[in-house]
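Chemist: Here you go, one structure.
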Amino acid sequence: PEKWTEVKHRMVACMFSFICGYVDVVSVTRWDCFATIMTGNVVFFGRAWIGQNISNDMAKYYFAVIFAFFVGVVSYCYAEHRWPDRGASMAAAPFLAIWLVMEAVLFYDSTIHDIFPMELYHWTPLAFAPAFGVLSGASAGGRLATPTNLVTGHLVTISNAVVKACTKQKWGHAFKIKTAMSCSVLASTLAGALTGAGVLKCMFDGGTHGALLPIGPLLMICFWLNDHLAKPRSLLKKIKKLRKQLKGSGEARASVTIA
């Protein structure tokens, strides 16, 4: 049904948005940059490039993060062209593998040896940003057709909805769907940020290493589900078919028992 399709789209969008809110809290705390959105990094890049009393290395640093994100978007666009309706999961897989290895190394190093060179640690966001380039391309240019790592546009939609409600204007069906999506993305991003802040507050010694370990696999599941929205996965179709068969056999046995 159409209503269930809308719900599925909002669920996937909420998962993406929650992850983005969570990761940005960690990335700002750990690296002083944003891993999921590039607007802030572009501003930081301009400030570091021209600003006084700021090392020029910081300008290179923010440029590198932006470029890593760009690589992720390009990878998604190519993968979607190469494997239609499967681009997100195909492009994200290698980046998330790098993500898991890097976060595991950082966690191991911080808890046991603490020998990871600070010069190299400074550049570790480059292992995480490409995955969110894929996310940005998949959510805005894919089946969801809406950004899930930004809330600015969604705030505009919600503001428009408030004005329409106050002036008693009629809401079309498409606008209702858009408003529901915007509210869901905004709420999920905030929930992710609150969760991230809570996790960091509970971690020992104020460290952040290990906080991103579960996010990699969760994000891969989200990409898999996102591609399923565009083209149903054979696995899920088989499960659905099996459920129908089991339901049918159960009804058949019940009818025989009654007879």
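To be explicit about the labels: the chains of the structure tokens are called A, B, and onward in the order shown, and within each one the residues are counted from 1, while ligands get numbers from 1 in the order they are shown.
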Using 10 Å as the limit and counting only C-alpha atoms, can you tabulate each residue of stretch 116-174 of chain A that touches stretch 24-27 of chain A, with its shortest atom-to-atom distance in Å and the two atoms involved, as a Markdown table?
Modeler:
| residue | atom | partner | partner_atom | distance |
| --- | --- | --- | --- | --- |
| A:Pro125 | CA | A:Ser27 | CA | 7.8 |
| A:Phe128 | CA | A:Ser27 | CA | 9.4 |
| A:Ala129 | CA | A:Ser27 | CA | 9.9 |
| A:Asn149 | CA | A:Asp24 | CA | 9.7 |
Chemist: Suppose we keep C-alpha atoms; can you now write the selection as a JSON list (two decimals), in the first residue's frame?
Modeler:
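Generated output (part05.json):
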[["chain", "number", "residue", "atom", "x", "y", "z"],
["A", 125, "PRO", "CA", 38.62, 11.88, 9.54],
["A", 128, "PHE", "CA", 35.08, 8.39, 7.74],
["A", 129, "ALA", "CA", 33.98, 11.28, 5.50],
["A", 149, "ASN", "CA", 22.29, 14.90, 6.78]]
Chemist: For the alpha helix (DSSP H) assignment from backbone DSSP, which residues of stretch 13-223 of chain A qualify? Please present them as an MDAnalysis selection string.
Modeler: chainID A and resid 13:31 39:50 56:82 87:108 118:121 129:141 152:166 173:202 215:223
Chemist: Taking into account only C-alpha atoms, which residue in the set A:Phe44, A:Cys20, A:Gly133, A:Val12 is nearest to A:Gly196?
Modeler: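 Of A:Phe44, A:Cys20, A:Gly133, A:Val12, the one nearest A:Gly196, counting only C-alpha atoms, is A:Cys20.
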Chemist: Just want the 12 Å neighbourhood of A:Ile37, counted on only C-alpha atoms, with same-chain residues fewer than 6 positions away dropped. Output as number ranges by chain.
Modeler: A: 17, 20-21, 23-25, 27-28, 43, 65-66, 68-70, 128-137, 147-152
Chemist: Using only C-alpha atoms, which residues sit within 10 Å of A:Lys8 once same-chain residues fewer than 3 positions away are excluded, as a VMD selection string?
Modeler: chain A and resid 2 to 5 11 to 14 144 225 to 226 229
Chemist: Those residues with C-alpha atoms, as a CSV table (one decimal), in the first residue's frame please?
Modeler:
chain,number,residue,atom,x,y,z
A,2,GLU,CA,1.1,3.6,-0.6
A,3,LYS,CA,0.9,4.5,3.1
A,4,TRP,CA,3.2,1.7,4.0
A,5,THR,CA,5.7,2.8,1.3
A,11,MET,CA,12.0,4.9,8.6
A,12,VAL,CA,15.1,4.8,6.4
A,13,ALA,CA,15.5,8.6,6.4
A,14,CYS,CA,15.2,8.6,10.2
A,144,LEU,CA,14.3,9.1,-0.7
A,225,LEU,CA,17.6,-0.9,3.0
A,226,ASN,CA,17.9,2.2,1.0
A,229,LEU,CA,13.4,0.9,-1.5
Chemist: A:Val73, A:Thr167, A:Met181, A:Arg10: which is nearest A:Thr36, counting only C-alpha atoms?
Modeler: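 Closest to A:Thr36 of all the choices is A:Val73.
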Chemist: Given the choices A:Ala127, A:Leu200, A:Ile50, A:Val163, which gets closest to A:Met102 if the distance is worked out from only C-alpha atoms?
Modeler: A:Ala127
Chemist: Report as a PyMOL selection string all protein, DNA and RNA residues lying within 10 Å of A:Thr124, evaluated on only C-alpha atoms, omitting residues in the same chain fewer than 6 positions from it.
Modeler: chain A and resi 31+65+99+102-103+106+118
Chemist: Separation of atom CA of A:Tyr62 and atom CA of A:Val199, in Å?
Modeler: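 Atom CA of A:Val199 lies at a distance of 25.8 Å from atom CA of A:Tyr62.
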Chemist: Report, in Å with one decimal, the straight-line distance from atom CA of A:Ser188 to atom CA of A:Val156.
Modeler: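 Atom-to-atom, atom CA of A:Ser188 to atom CA of A:Val156, that is 16.7 Å.
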Chemist: Tell me, in Å to one decimal, how far atom CA of A:Leu126 is from atom CA of A:Ser139.
Modeler: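 Separating atom CA of A:Leu126 from atom CA of A:Ser139 is a distance of 20.8 Å.
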Chemist: Calculated over only C-alpha atoms, which of the candidates A:Gly153, A:Pro117, A:Pro232, A:Pro217 has the smallest distance to A:Cys183?
Modeler: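 Checking each of A:Gly153, A:Pro117, A:Pro232, A:Pro217 against A:Cys183, counting only C-alpha atoms, the winner is A:Gly153.
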Chemist: Select, from A:Val74, A:Ala59, A:Ala91, A:Met15, the residue with the minimum atom-to-atom distance to A:Cys33, counting only C-alpha atoms.
Modeler: A:Ala59
Chemist: Would you mind telling me which residue in A:Ala193, A:Ile98, A:Ser159, A:Ile177 lies nearest to A:Glu6 when using only C-alpha atoms?
Modeler: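 Checking each of A:Ala193, A:Ile98, A:Ser159, A:Ile177 against A:Glu6, counting only C-alpha atoms, the winner is A:Ile177.
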